file structure-v1.cif (mmCIF, C-alpha atoms)
data_start
#
loop_
_atom_site.label_atom_id
_atom_site.label_comp_id
_atom_site.auth_asym_id
_atom_site.auth_seq_id
_atom_site.Cartn_x
_atom_site.Cartn_y
_atom_site.Cartn_z
CA MET A 1 1.01 -21.58 7.43
CA GLY A 2 3.80 -19.03 7.70
CA SER A 3 3.44 -16.13 10.11
CA TRP A 4 3.65 -13.63 7.22
CA ALA A 5 0.44 -14.97 5.70
CA LEU A 6 -1.12 -15.16 9.13
CA ALA A 7 -0.21 -11.56 9.84
CA ALA A 8 -1.70 -10.40 6.56
CA LEU A 9 -5.04 -12.07 7.25
CA VAL A 10 -5.42 -12.37 11.00
CA LEU A 11 -3.83 -9.20 12.37
CA GLY A 12 -7.33 -7.79 12.56
CA PHE A 13 -8.16 -10.03 15.49
CA LEU A 14 -5.95 -7.79 17.61
CA VAL A 15 -7.56 -4.79 19.22
CA VAL A 16 -5.95 -1.55 18.11
CA ALA A 17 -6.10 2.00 19.39
CA VAL A 18 -5.36 4.86 17.02
CA HIS A 19 -4.13 8.20 18.42
CA GLY A 20 -6.13 7.80 21.62
CA SER A 21 -9.39 7.02 19.82
CA GLU A 22 -11.79 4.21 20.65
CA PRO A 23 -10.45 0.72 19.90
CA TRP A 24 -11.51 -0.65 16.57
CA LEU A 25 -11.53 -4.07 15.03
CA ASN A 26 -11.57 -5.27 11.46
CA GLN A 27 -11.90 -8.97 10.92
CA THR A 28 -9.29 -9.51 8.26
CA GLN A 29 -6.76 -6.74 8.37
CA VAL A 30 -5.66 -4.44 11.13
CA TYR A 31 -4.73 -1.63 8.75
CA SER A 32 -8.29 -0.97 7.66
CA THR A 33 -9.00 2.10 5.58
CA ASN A 34 -12.64 2.23 6.64
CA ALA A 35 -12.92 1.35 10.31
CA ASN A 36 -14.05 4.30 12.43
CA SER A 37 -12.22 6.74 10.19
CA GLY A 38 -14.72 9.53 10.83
CA SER A 39 -15.62 9.70 7.15
CA ASN A 40 -19.02 10.20 5.56
CA GLY A 41 -17.74 8.85 2.25
CA VAL A 42 -20.02 7.02 -0.15
CA PHE A 43 -20.43 3.23 -0.19
CA VAL A 44 -19.61 1.83 -3.64
CA GLY A 45 -20.70 -1.51 -5.06
CA ILE A 46 -18.37 -4.07 -6.59
CA THR A 47 -18.11 -4.74 -10.32
CA LEU A 48 -16.78 -8.15 -11.38
CA ILE A 49 -14.75 -8.12 -14.59
CA GLN A 50 -16.73 -10.50 -16.76
CA SER A 51 -14.18 -10.51 -19.57
CA ALA A 52 -11.40 -11.65 -17.24
CA ALA A 53 -12.16 -15.37 -17.26
CA ALA A 54 -11.46 -15.73 -20.98
CA LYS A 55 -8.08 -14.09 -20.37
CA GLY A 56 -7.23 -16.40 -17.46
CA ALA A 57 -7.21 -13.32 -15.23
CA VAL A 58 -8.64 -14.90 -12.09
CA CYS A 59 -8.18 -14.74 -8.33
CA LEU A 60 -6.24 -17.39 -6.40
CA ASP A 61 -9.33 -19.61 -6.27
CA GLY A 62 -10.31 -19.07 -9.92
CA SER A 63 -13.08 -16.53 -9.23
CA LEU A 64 -13.44 -13.30 -11.20
CA PRO A 65 -11.48 -10.21 -10.11
CA GLY A 66 -13.29 -6.96 -9.52
CA TYR A 67 -13.21 -3.27 -8.69
CA HIS A 68 -15.37 -0.56 -7.14
CA LEU A 69 -15.94 2.48 -9.37
CA HIS A 70 -17.54 5.76 -8.30
CA ARG A 71 -18.04 8.04 -11.27
CA GLY A 72 -16.57 11.52 -11.37
CA PHE A 73 -18.56 14.66 -12.07
CA GLY A 74 -18.15 18.32 -12.92
CA SER A 75 -14.53 19.37 -13.36
CA GLY A 76 -13.41 15.84 -12.43
CA ALA A 77 -15.48 13.96 -15.00
CA ASN A 78 -12.41 13.16 -17.14
CA SER A 79 -9.95 12.62 -14.28
CA TRP A 80 -9.22 9.13 -12.92
CA LEU A 81 -7.81 7.90 -9.61
CA VAL A 82 -7.04 4.16 -9.67
CA ASN A 83 -6.28 2.69 -6.25
CA LEU A 84 -4.70 -0.77 -5.99
CA GLU A 85 -5.84 -2.53 -2.83
CA GLY A 86 -3.22 -3.84 -0.42
CA GLY A 87 -3.23 -6.73 2.02
CA GLY A 88 0.05 -8.64 2.35
CA TRP A 89 1.23 -11.54 0.21
CA CYS A 90 1.37 -15.33 0.11
CA ASN A 91 4.51 -17.10 -1.06
CA ASP A 92 3.88 -20.84 -0.95
CA VAL A 93 1.07 -23.33 -1.48
CA LYS A 94 0.11 -23.54 2.17
CA SER A 95 -0.23 -19.80 2.70
CA CYS A 96 -1.96 -19.25 -0.66
CA VAL A 97 -4.48 -22.04 -0.01
CA PHE A 98 -5.30 -20.33 3.28
CA ARG A 99 -5.57 -16.99 1.54
CA LYS A 100 -7.89 -18.18 -1.23
CA SER A 101 -10.66 -18.74 1.32
CA SER A 102 -10.61 -15.03 2.21
CA ARG A 103 -11.39 -11.76 0.45
CA ARG A 104 -7.67 -11.53 -0.33
CA GLY A 105 -7.89 -14.56 -2.62
CA SER A 106 -11.46 -14.82 -3.83
CA SER A 107 -14.17 -12.45 -5.00
CA ASN A 108 -16.65 -14.89 -3.47
CA HIS A 109 -15.56 -13.54 -0.07
CA MET A 110 -15.26 -9.86 -0.96
CA GLU A 111 -17.59 -7.21 0.43
CA SER A 112 -20.33 -6.23 -2.00
CA GLN A 113 -19.74 -2.59 -1.03
CA LEU A 114 -16.81 -0.58 0.29
CA GLN A 115 -16.85 2.87 1.83
CA PHE A 116 -14.60 5.32 0.02
CA THR A 117 -12.63 7.34 2.58
CA GLY A 118 -9.55 9.55 2.59
CA ILE A 119 -8.21 10.02 -0.91
CA MET A 120 -11.17 7.99 -2.19
CA SER A 121 -13.86 10.12 -0.53
CA ASN A 122 -16.50 11.89 -2.63
CA ARG A 123 -16.79 14.79 -0.18
CA PRO A 124 -14.79 18.00 -0.77
CA GLU A 125 -14.42 18.62 2.97
CA GLU A 126 -12.69 15.23 3.24
CA ASN A 127 -10.81 15.11 -0.05
CA PRO A 128 -10.46 18.60 -1.52
CA ASP A 129 -8.55 17.80 -4.71
CA PHE A 130 -9.85 14.42 -5.87
CA TYR A 131 -13.42 14.19 -4.51
CA ASN A 132 -15.10 14.59 -7.91
CA TRP A 133 -12.75 12.38 -9.93
CA ASN A 134 -13.61 8.93 -11.20
CA ARG A 135 -12.30 6.89 -8.26
CA VAL A 136 -11.62 3.16 -8.54
CA LYS A 137 -10.47 0.60 -6.01
CA VAL A 138 -9.13 -2.49 -7.76
CA ARG A 139 -9.53 -5.48 -5.44
CA TYR A 140 -6.45 -7.52 -4.57
CA CYS A 141 -6.86 -11.28 -4.83
CA ASP A 142 -3.65 -12.71 -6.32
CA GLY A 143 -1.28 -12.47 -3.33
CA GLY A 144 1.63 -11.19 -5.42
CA SER A 145 1.05 -7.41 -5.78
CA PHE A 146 -0.62 -7.81 -9.18
CA THR A 147 2.42 -9.64 -10.61
CA GLY A 148 3.14 -13.19 -11.70
CA ASP A 149 1.58 -15.73 -14.03
CA GLY A 150 1.31 -19.35 -12.99
CA ALA A 151 -0.94 -22.04 -11.55
CA ASP A 152 -0.92 -25.11 -9.33
CA ALA A 153 -3.67 -27.42 -10.53
CA SER A 154 -3.26 -29.92 -7.71
CA ALA A 155 -3.81 -27.18 -5.11
CA GLY A 156 -6.51 -25.38 -7.12
CA LEU A 157 -4.47 -22.19 -7.17
CA TYR A 158 -4.13 -19.55 -9.86
CA PHE A 159 -1.27 -17.04 -9.65
CA ARG A 160 -2.50 -14.52 -12.22
CA GLY A 161 -1.64 -11.12 -10.79
CA GLN A 162 -0.22 -9.69 -14.01
CA ARG A 163 -3.24 -10.82 -15.99
CA ILE A 164 -5.59 -9.33 -13.39
CA TRP A 165 -3.74 -6.02 -13.66
CA GLN A 166 -4.10 -6.04 -17.44
CA ALA A 167 -7.75 -7.13 -17.40
CA ALA A 168 -8.63 -4.41 -14.90
CA MET A 169 -6.86 -1.74 -16.92
CA ASP A 170 -8.51 -2.94 -20.16
CA ASP A 171 -11.93 -2.80 -18.52
CA LEU A 172 -11.36 0.65 -17.04
CA MET A 173 -10.11 2.01 -20.35
CA ALA A 174 -13.33 0.73 -21.93
CA GLN A 175 -15.29 2.40 -19.10
CA GLY A 176 -13.93 5.76 -20.23
CA MET A 177 -10.47 5.99 -18.68
CA ARG A 178 -8.96 6.15 -22.17
CA TYR A 179 -10.36 9.69 -22.38
CA ALA A 180 -8.69 10.83 -19.15
CA ASN A 181 -6.96 14.18 -19.11
CA GLN A 182 -5.51 13.40 -15.67
CA ALA A 183 -4.77 10.05 -14.02
CA LEU A 184 -3.27 9.02 -10.68
CA LEU A 185 -2.32 5.47 -9.70
CA SER A 186 -2.22 4.88 -5.95
CA GLY A 187 -2.18 2.16 -3.32
CA CYS A 188 -1.07 1.47 0.25
CA SER A 189 1.03 -1.33 1.77
CA ALA A 190 1.18 -4.23 -0.72
CA GLY A 191 -0.84 -1.90 -2.94
CA GLY A 192 1.93 0.68 -2.57
CA VAL A 193 4.39 -1.93 -3.83
CA SER A 194 2.00 -2.65 -6.72
CA THR A 195 1.85 1.05 -7.55
CA ILE A 196 5.62 1.33 -7.77
CA LEU A 197 5.98 -1.86 -9.82
CA HIS A 198 3.24 -0.84 -12.29
CA CYS A 199 3.70 2.94 -12.35
CA ASP A 200 5.41 3.30 -15.72
CA GLU A 201 3.16 0.58 -17.15
CA PHE A 202 0.14 2.64 -16.08
CA SER A 203 1.57 5.76 -17.65
CA GLY A 204 2.08 3.86 -20.89
CA LEU A 205 -1.67 3.32 -21.23
CA PHE A 206 -2.24 6.98 -22.03
CA SER A 207 -1.32 9.42 -24.75
CA GLY A 208 1.29 12.07 -24.10
CA SER A 209 -1.41 14.68 -23.49
CA THR A 210 -2.68 12.95 -20.31
CA LYS A 211 -1.12 14.06 -17.04
CA VAL A 212 -0.17 10.82 -15.25
CA LYS A 213 1.40 10.42 -11.81
CA CYS A 214 1.68 7.75 -9.09
CA LEU A 215 1.27 7.81 -5.29
CA ALA A 216 2.77 4.98 -3.21
CA ASP A 217 1.62 4.93 0.42
CA ALA A 218 3.41 2.68 2.96
CA GLY A 219 5.00 0.77 0.11
CA MET A 220 8.68 1.28 0.96
CA PHE A 221 9.35 -2.20 2.34
CA LEU A 222 13.07 -2.24 3.03
CA ASP A 223 15.64 -4.98 2.53
CA PHE A 224 16.56 -4.61 6.19
CA VAL A 225 18.55 -6.81 8.59
CA ASP A 226 16.29 -7.76 11.51
CA VAL A 227 17.16 -7.87 15.21
CA SER A 228 18.57 -11.40 14.84
CA GLY A 229 20.78 -10.50 11.88
CA GLN A 230 18.55 -12.13 9.24
CA ARG A 231 16.89 -10.71 6.13
CA GLU A 232 13.43 -12.19 6.58
CA MET A 233 11.80 -9.91 4.05
CA ARG A 234 14.24 -10.92 1.33
CA ASP A 235 13.64 -14.61 1.99
CA PHE A 236 9.90 -14.05 1.88
CA PHE A 237 9.92 -12.03 -1.34
CA ASN A 238 12.17 -14.61 -2.96
CA GLY A 239 9.29 -17.06 -2.56
CA ILE A 240 7.16 -14.80 -4.75
CA VAL A 241 9.72 -13.76 -7.32
CA SER A 242 12.09 -16.67 -8.04
CA ALA A 243 11.87 -18.74 -11.22
CA THR A 244 10.78 -21.78 -9.18
CA ALA A 245 8.12 -19.86 -7.21
CA HIS A 246 4.47 -20.46 -8.01
CA HIS A 247 3.87 -16.77 -8.69
CA GLY A 248 6.99 -16.47 -10.83
CA SER A 249 6.66 -12.73 -10.40
CA GLY A 250 10.19 -12.03 -11.55
CA ARG A 251 8.92 -12.13 -15.13
CA SER A 252 6.54 -9.22 -14.41
CA LEU A 253 8.97 -6.82 -12.76
CA PRO A 254 10.22 -3.62 -14.41
CA ARG A 255 13.05 -4.24 -16.83
CA SER A 256 14.63 -0.99 -15.71
CA CYS A 257 15.51 -2.87 -12.51
CA THR A 258 15.89 -6.52 -13.56
CA SER A 259 18.37 -5.53 -16.26
CA ARG A 260 20.81 -4.47 -13.54
CA MET A 261 19.85 -6.41 -10.38
CA ASP A 262 18.57 -9.82 -9.31
CA LYS A 263 14.80 -10.20 -9.45
CA THR A 264 14.24 -10.52 -5.72
CA SER A 265 15.97 -7.16 -5.22
CA CYS A 266 13.58 -5.73 -7.80
CA PHE A 267 10.54 -6.58 -5.68
CA PHE A 268 11.89 -4.10 -3.14
CA PRO A 269 10.63 -0.62 -4.09
CA GLN A 270 13.90 0.99 -2.97
CA ASN A 271 15.56 -0.58 -6.02
CA VAL A 272 12.78 0.34 -8.46
CA VAL A 273 12.06 3.98 -7.62
CA PRO A 274 15.43 5.32 -8.87
CA ASN A 275 14.44 4.40 -12.43
CA ILE A 276 10.73 5.25 -12.49
CA GLN A 277 10.12 7.71 -15.30
CA THR A 278 6.61 8.75 -14.23
CA PRO A 279 6.33 11.47 -11.55
CA THR A 280 5.82 9.68 -8.23
CA PHE A 281 4.99 10.64 -4.66
CA ILE A 282 6.24 8.48 -1.78
CA LEU A 283 4.19 8.69 1.40
CA ASN A 284 5.63 6.64 4.25
CA THR A 285 6.25 6.63 7.96
CA ALA A 286 9.86 6.39 9.05
CA TYR A 287 8.84 3.81 11.67
CA ASP A 288 6.39 1.66 9.73
CA VAL A 289 4.61 -0.54 12.30
CA TRP A 290 3.96 -3.37 9.85
CA GLN A 291 7.66 -3.63 9.15
CA LEU A 292 8.51 -3.25 12.84
CA GLN A 293 6.29 -6.22 13.67
CA GLN A 294 6.97 -8.42 10.65
CA SER A 295 10.48 -7.75 9.38
CA VAL A 296 12.44 -5.59 11.85
CA ALA A 297 11.62 -7.31 15.16
CA PRO A 298 9.34 -10.24 14.33
CA LYS A 299 8.56 -12.83 17.02
CA ARG A 300 10.67 -15.51 15.33
CA ALA A 301 13.71 -13.20 15.56
CA ASP A 302 12.93 -12.38 19.18
CA PRO A 303 12.52 -15.75 20.99
CA GLN A 304 13.05 -14.19 24.42
CA GLY A 305 10.35 -11.60 23.80
CA LEU A 306 12.62 -8.63 24.48
CA TRP A 307 10.89 -6.65 21.72
CA ARG A 308 7.32 -7.64 22.57
CA GLY A 309 6.40 -4.38 24.32
CA CYS A 310 8.07 -2.25 21.67
CA ARG A 311 6.28 -4.13 18.88
CA MET A 312 2.94 -3.43 20.47
CA ASN A 313 3.49 0.18 21.59
CA HIS A 314 6.27 2.58 20.60
CA ALA A 315 6.10 4.12 24.08
CA SER A 316 7.43 0.83 25.48
CA CYS A 317 10.61 0.86 23.38
CA ASN A 318 13.79 1.29 25.44
CA SER A 319 16.70 3.48 24.40
CA ASN A 320 18.60 0.65 22.68
CA GLN A 321 15.51 -0.36 20.71
CA LEU A 322 14.85 3.22 19.67
CA GLN A 323 18.46 3.49 18.52
CA PHE A 324 17.98 0.37 16.38
CA LEU A 325 14.79 1.86 14.93
CA GLN A 326 16.67 5.05 14.12
CA GLY A 327 18.87 2.86 11.95
CA PHE A 328 15.73 1.71 10.12
CA ARG A 329 14.69 5.34 9.64
CA ASN A 330 18.14 6.21 8.32
CA GLN A 331 17.94 3.41 5.76
CA MET A 332 14.49 4.64 4.73
CA LEU A 333 15.83 8.15 4.16
CA ASP A 334 18.84 6.83 2.27
CA ALA A 335 16.52 4.79 0.03
CA VAL A 336 14.63 7.89 -1.11
CA ARG A 337 17.50 10.37 -1.21
CA GLY A 338 18.17 10.15 -4.94
CA PHE A 339 14.47 9.86 -5.74
CA SER A 340 13.66 13.04 -3.84
CA GLY A 341 16.27 14.96 -5.80
CA ALA A 342 14.17 14.75 -8.96
CA ARG A 343 12.00 17.82 -9.34
CA GLN A 344 9.00 15.84 -10.63
CA ASN A 345 8.73 13.67 -7.51
CA GLY A 346 7.10 14.29 -4.13
CA LEU A 347 7.84 13.02 -0.64
CA PHE A 348 6.17 12.93 2.78
CA ILE A 349 8.13 10.89 5.35
CA ASN A 350 6.81 11.49 8.85
CA SER A 351 8.21 10.06 12.06
CA CYS A 352 5.12 8.17 13.13
CA PHE A 353 4.51 4.59 14.18
CA ALA A 354 1.78 3.99 11.61
CA HIS A 355 1.01 2.27 8.31
CA CYS A 356 -1.13 3.56 5.41
CA GLN A 357 -2.17 7.20 5.76
CA SER A 358 -3.86 8.15 2.46
CA GLU A 359 -7.02 6.06 2.75
CA ARG A 360 -7.85 6.75 6.39
CA GLN A 361 -9.80 9.95 6.86
CA ASP A 362 -8.13 10.87 10.15
CA THR A 363 -4.65 10.86 8.61
CA TRP A 364 -5.49 12.06 5.07
CA TYR A 365 -7.46 15.25 5.71
CA ALA A 366 -8.98 16.09 9.07
CA ARG A 367 -8.60 18.89 11.57
CA ASP A 368 -5.90 17.06 13.55
CA SER A 369 -4.27 15.10 10.72
CA PRO A 370 -0.49 14.65 10.70
CA ARG A 371 1.39 17.64 9.30
CA LEU A 372 4.82 18.45 7.96
CA GLY A 373 5.69 22.02 7.08
CA ASN A 374 2.16 22.84 8.26
CA LYS A 375 0.80 20.73 5.39
CA ARG A 376 -1.59 17.85 5.85
CA ILE A 377 -0.96 14.83 3.64
CA ALA A 378 -3.86 15.67 1.32
CA GLU A 379 -2.52 19.19 0.87
CA ALA A 380 1.03 18.00 0.13
CA VAL A 381 -0.18 15.44 -2.42
CA GLY A 382 -2.47 17.99 -4.06
CA ASP A 383 0.31 20.57 -4.28
CA TRP A 384 2.52 17.97 -5.95
CA PHE A 385 -0.03 16.60 -8.41
CA PHE A 386 -1.26 20.00 -9.56
CA ASP A 387 2.22 21.57 -9.52
CA ARG A 388 1.12 24.22 -7.03
CA ALA A 389 4.27 23.93 -4.94
CA ASP A 390 7.31 21.80 -4.31
CA ALA A 391 6.20 18.97 -2.02
CA LYS A 392 9.14 17.27 -0.36
CA TYR A 393 8.77 16.85 3.38
CA THR A 394 11.00 14.82 5.69
CA ASP A 395 10.33 14.76 9.42
CA CYS A 396 12.82 15.05 12.25
CA ALA A 397 13.50 11.88 14.22
CA TYR A 398 11.02 10.45 16.75
CA PRO A 399 9.75 11.74 19.13
CA CYS A 400 9.73 15.27 17.75
CA ASP A 401 6.42 15.15 15.84
CA GLY A 402 3.34 15.84 17.93
CA THR A 403 0.87 15.51 15.03
CA CYS A 404 1.27 11.74 14.52
CA HIS A 405 -1.59 9.27 14.69
CA HIS A 406 0.37 6.37 16.16
CA LEU A 407 -0.95 2.81 16.03
CA THR A 408 -0.71 0.82 19.24
CA PHE A 409 -1.75 -2.79 19.82
CA ARG A 410 -3.37 -4.65 22.69
CA GLY A 411 -2.13 -8.20 22.32
CA ASP A 412 0.55 -10.19 20.55
CA TYR A 413 0.41 -12.84 17.87
#

call {"tool": "encode", "arguments": {"input": "structure-v1.cif", "output": "structure tokens"}}
result
Amino acid sequence: MGSWALAALVLGFLVVAVHGSEPWLNQTQVYSTNANSGSNGVFVGITLIQSAAAKGAVCLDGSLPGYHLHRGFGSGANSWLVNLEGGGWCNDVKSCVFRKSSRRGSSNHMESQLQFTGIMSNRPEENPDFYNWNRVKVRYCDGGSFTGDGADASAGLYFRGQRIWQAAMDDLMAQGMRYANQALLSGCSAGGVSTILHCDEFSGLFSGSTKVKCLADAGMFLDFVDVSGQREMRDFFNGIVSATAHHGSGRSLPRSCTSRMDKTSCFFPQNVVPNIQTPTFILNTAYDVWQLQQSVAPKRADPQGLWRGCRMNHASCNSNQLQFLQGFRNQMLDAVRGFSGARQNGLFINSCFAHCQSERQDTWYARDSPRLGNKRIAEAVGDWFFDRADAKYTDCAYPCDGTCHHLTFRGDY
């Protein structure tokens, strides 16, 4: 199995410390949205989409897809927040067979309940603008960011991401989302990629009277040259997107991109966001630790282990390594420059070594949450969605920001 798939599923066996807090451990993914987040958010049961089987909209192992829905109330009764779960990708038979025996590839292994924290919380003191909305987490079990349509009968694999997306949206519309007066599509990591790829499609579900926007958290995976001079991320995504790939996700990607670029390039959000028509907010760290570990300085590109300390803890990066990482930050800022010029869009790029900040309570809305322009992330997103203020925040370069909740790691893989 490739190290990408391993990282997506086994990173959680590392012990991680967040901003000086107690170490926490999650058995399948290090970037948990629930572990020790300090939230009192509600636990929400899973709903399997019974109509999905007839549509061929099934997880990698053929099981039914599902979602967790917590109903809105009061002023939020007709507002909907749809969150697309993240959790890496698989790009070949070996990695997808491994994945199908986990919650990332089968509803048979999914938790029966999830705690809703951060932007998903039902408590106004934790989530002031969206706490009383209908909030949905759509589970991720296709390994291709809800794209693709294929199968491998000999391996018992179903690559039905696009069908799962459609089946979930159909079911939610029938659950009352078709009456929404406001709707927000969100997701972090691979779910952030999904949000960008499906944003305009989501908007197209609603009439012109519905206010629809999208929030992509930690989804700006860059087509970046790693420390060995290779483009590992491009090679990996090509295994999801190409015409010969099992996912065949190239057929699902936005035409606004594939009409002008190759399909692998169109799996990179930096090439999709310039043409998104729906108002979108990009939330990202300028030094994304997932990308640092998996595509900027991965072990395979660092055989002598010169980057090992830096991968595990930003404080161990030497001056040359920090200079290289400033190049990554510069490319991140270049990628969103045109996007941020559009009045309808929002931006929060902080100089933290982190990954996914909207679903963790400590980074979304807490007393010591990260801030830019004296705005916490929840406040910036709320200002943008409700048109209360312009919300475009770009941090100075590391190490200037003292409000970060950095992720550090105790171990290597």

call {"tool": "atom_distance", "arguments": {"input": "structure-v1.cif", "atom1": "CA of Gly88 (chain A)", "atom2": "CA of Gln162 (chain A)"}}
result
16.4 Å

call {"tool": "resolve_selection", "arguments": {"input": "structure-v1.cif", "expression": "the PyMOL selection byres ((chain A and resi 357) around 9)", "output": "number ranges by chain"}}
result
A: 33, 118, 188, 217-218, 283-285, 354-356, 358-364, 377

call {"tool": "residues_around", "arguments": {"input": "structure-v1.cif", "residues": "Cys396 (chain A)", "least_positions_apart": "4", "cutoff": "9 Å", "atoms": "all atoms listed in the file", "output": "ChimeraX atom specification"}}
result
/A:350-351,400-401

call {"tool": "resolve_selection", "arguments": {"input": "structure-v1.cif", "expression": "the PyMOL selection byres ((chain A and resi 248-252) around 7)", "output": "ChimeraX atom specification"}}
result
/A:147-150,162,240-247,253-254,263

call {"tool": "resolve_selection", "arguments": {"input": "structure-v1.cif", "expression": "the PyMOL selection byres ((chain A and resi 324) around 12)", "output": "list in words"}}
result
Phe224, Val225, Asp226, Val227, Ser228, Tyr287, Leu292, Val296, Ala297, Trp307, Cys310, Cys317, Asn318, Ser319, Asn320, Gln321, Leu322, Gln323, Leu325, Gln326, Gly327, Phe328, Arg329, Asn330 and Gln331 of chain A

call {"tool": "residues_around", "arguments": {"input": "structure-v1.cif", "residues": "Ala153 (chain A)", "least_positions_apart": "4", "cutoff": "12 Å", "atoms": "only C-alpha atoms", "output": "mmCIF file with C-alpha atoms, keeping the file's coordinate frame"}}
result
data_model
loop_
_atom_site.group_PDB
_atom_site.id
_atom_site.type_symbol
_atom_site.label_atom_id
_atom_site.label_comp_id
_atom_site.auth_asym_id
_atom_site.auth_seq_id
_atom_site.Cartn_x
_atom_site.Cartn_y
_atom_site.Cartn_z
ATOM 1 C CA LEU A 60 -6.240 -17.390 -6.400
ATOM 2 C CA ASP A 61 -9.330 -19.610 -6.270
ATOM 3 C CA GLY A 62 -10.310 -19.070 -9.920
ATOM 4 C CA VAL A 93 1.070 -23.330 -1.480
ATOM 5 C CA VAL A 97 -4.480 -22.040 -0.010
ATOM 6 C CA LEU A 157 -4.470 -22.190 -7.170
ATOM 7 C CA TYR A 158 -4.130 -19.550 -9.860
ATOM 8 C CA PHE A 159 -1.270 -17.040 -9.650
ATOM 9 C CA HIS A 246 4.470 -20.460 -8.010
#

call {"tool": "atom_distance", "arguments": {"input": "structure-v1.cif", "atom1": "CA of Arg255 (chain A)", "atom2": "CA of Phe348 (chain A)"}}
result
27.0 Å

call {"tool": "closest_residue", "arguments": {"input": "structure-v1.cif", "among": "A:Asn134, A:Asp152, A:Val82, A:Gly105", "to": "Ser194 (chain A)", "atoms": "all atoms listed in the file"}}
result
A:Val82

call {"tool": "residues_around", "arguments": {"input": "structure-v1.cif", "residues": "region 165-178 of chain A", "least_positions_apart": "6", "cutoff": "9 Å", "atoms": "all atoms listed in the file", "output": "PDB file with C-alpha atoms, keeping the file's coordinate frame"}}
result
ATOM      1  CA  ILE A  49     -14.750  -8.120 -14.590  1.00  0.00           C
ATOM      2  CA  SER A  51     -14.180 -10.510 -19.570  1.00  0.00           C
ATOM      3  CA  ALA A  52     -11.400 -11.650 -17.240  1.00  0.00           C
ATOM      4  CA  LYS A  55      -8.080 -14.090 -20.370  1.00  0.00           C
ATOM      5  CA  ALA A  57      -7.210 -13.320 -15.230  1.00  0.00           C
ATOM      6  CA  PRO A  65     -11.480 -10.210 -10.110  1.00  0.00           C
ATOM      7  CA  GLY A  66     -13.290  -6.960  -9.520  1.00  0.00           C
ATOM      8  CA  TYR A  67     -13.210  -3.270  -8.690  1.00  0.00           C
ATOM      9  CA  ASN A  78     -12.410  13.160 -17.140  1.00  0.00           C
ATOM     10  CA  SER A  79      -9.950  12.620 -14.280  1.00  0.00           C
ATOM     11  CA  TRP A  80      -9.220   9.130 -12.920  1.00  0.00           C
ATOM     12  CA  ASN A 134     -13.610   8.930 -11.200  1.00  0.00           C
ATOM     13  CA  VAL A 136     -11.620   3.160  -8.540  1.00  0.00           C
ATOM     14  CA  VAL A 138      -9.130  -2.490  -7.760  1.00  0.00           C
ATOM     15  CA  PHE A 146      -0.620  -7.810  -9.180  1.00  0.00           C
ATOM     16  CA  THR A 147       2.420  -9.640 -10.610  1.00  0.00           C
ATOM     17  CA  HIS A 198       3.240  -0.840 -12.290  1.00  0.00           C
ATOM     18  CA  PHE A 202       0.140   2.640 -16.080  1.00  0.00           C
ATOM     19  CA  LEU A 205      -1.670   3.320 -21.230  1.00  0.00           C
ATOM     20  CA  PHE A 206      -2.240   6.980 -22.030  1.00  0.00           C
ATOM     21  CA  SER A 207      -1.320   9.420 -24.750  1.00  0.00           C
TER      22      SER A 207
END

call {"tool": "residues_around", "arguments": {"input": "structure-v1.cif", "residues": "Arg260 (chain A)", "least_positions_apart": "6", "cutoff": "12 Å", "atoms": "only C-alpha atoms", "output": "PyMOL selection string"}}
result
chain A and resi 254+266+271-272+275

call {"tool": "atom_distance", "arguments": {"input": "structure-v1.cif", "atom1": "CA of Arg123 (chain A)", "atom2": "CA of Arg71 (chain A)"}}
result
13.0 Å

call {"tool": "closest_residue", "arguments": {"input": "structure-v1.cif", "among": "A:Leu69, A:Pro303, A:Gly239, A:Phe385", "to": "Leu184 (chain A)", "atoms": "all atoms listed in the file"}}
result
A:Phe385

call {"tool": "axis_aligned_box", "arguments": {"input": "structure-v1.cif", "around": "region 275-280 of chain A", "padding_each_side": "3 Å", "output": "lines of an AutoDock Vina configuration file"}}
result
center_x = 10.1
center_y = 7.9
center_z = -11.8
size_x = 14.6
size_y = 13.1
size_z = 13.1

call {"tool": "closest_residue", "arguments": {"input": "structure-v1.cif", "among": "A:Leu84, A:Ala151, A:Leu197, A:Ala378", "to": "Thr258 (chain A)", "atoms": "all atoms listed in the file"}}
result
A:Leu197

call {"tool": "closest_residue", "arguments": {"input": "structure-v1.cif", "among": "A:His70, A:Arg376, A:Arg231, A:Arg99", "to": "Trp133 (chain A)", "atoms": "all atoms listed in the file"}}
result
A:His70

call {"tool": "closest_residue", "arguments": {"input": "structure-v1.cif", "among": "A:Ala77, A:Ser259, A:Phe236, A:Thr278", "to": "Gly208 (chain A)", "atoms": "all atoms listed in the file"}}
result
A:Thr278

call {"tool": "closest_residue", "arguments": {"input": "structure-v1.cif", "among": "A:Gln344, A:Phe268, A:Arg410, A:Thr403", "to": "Gly373 (chain A)", "atoms": "all atoms listed in the file"}}
result
A:Thr403
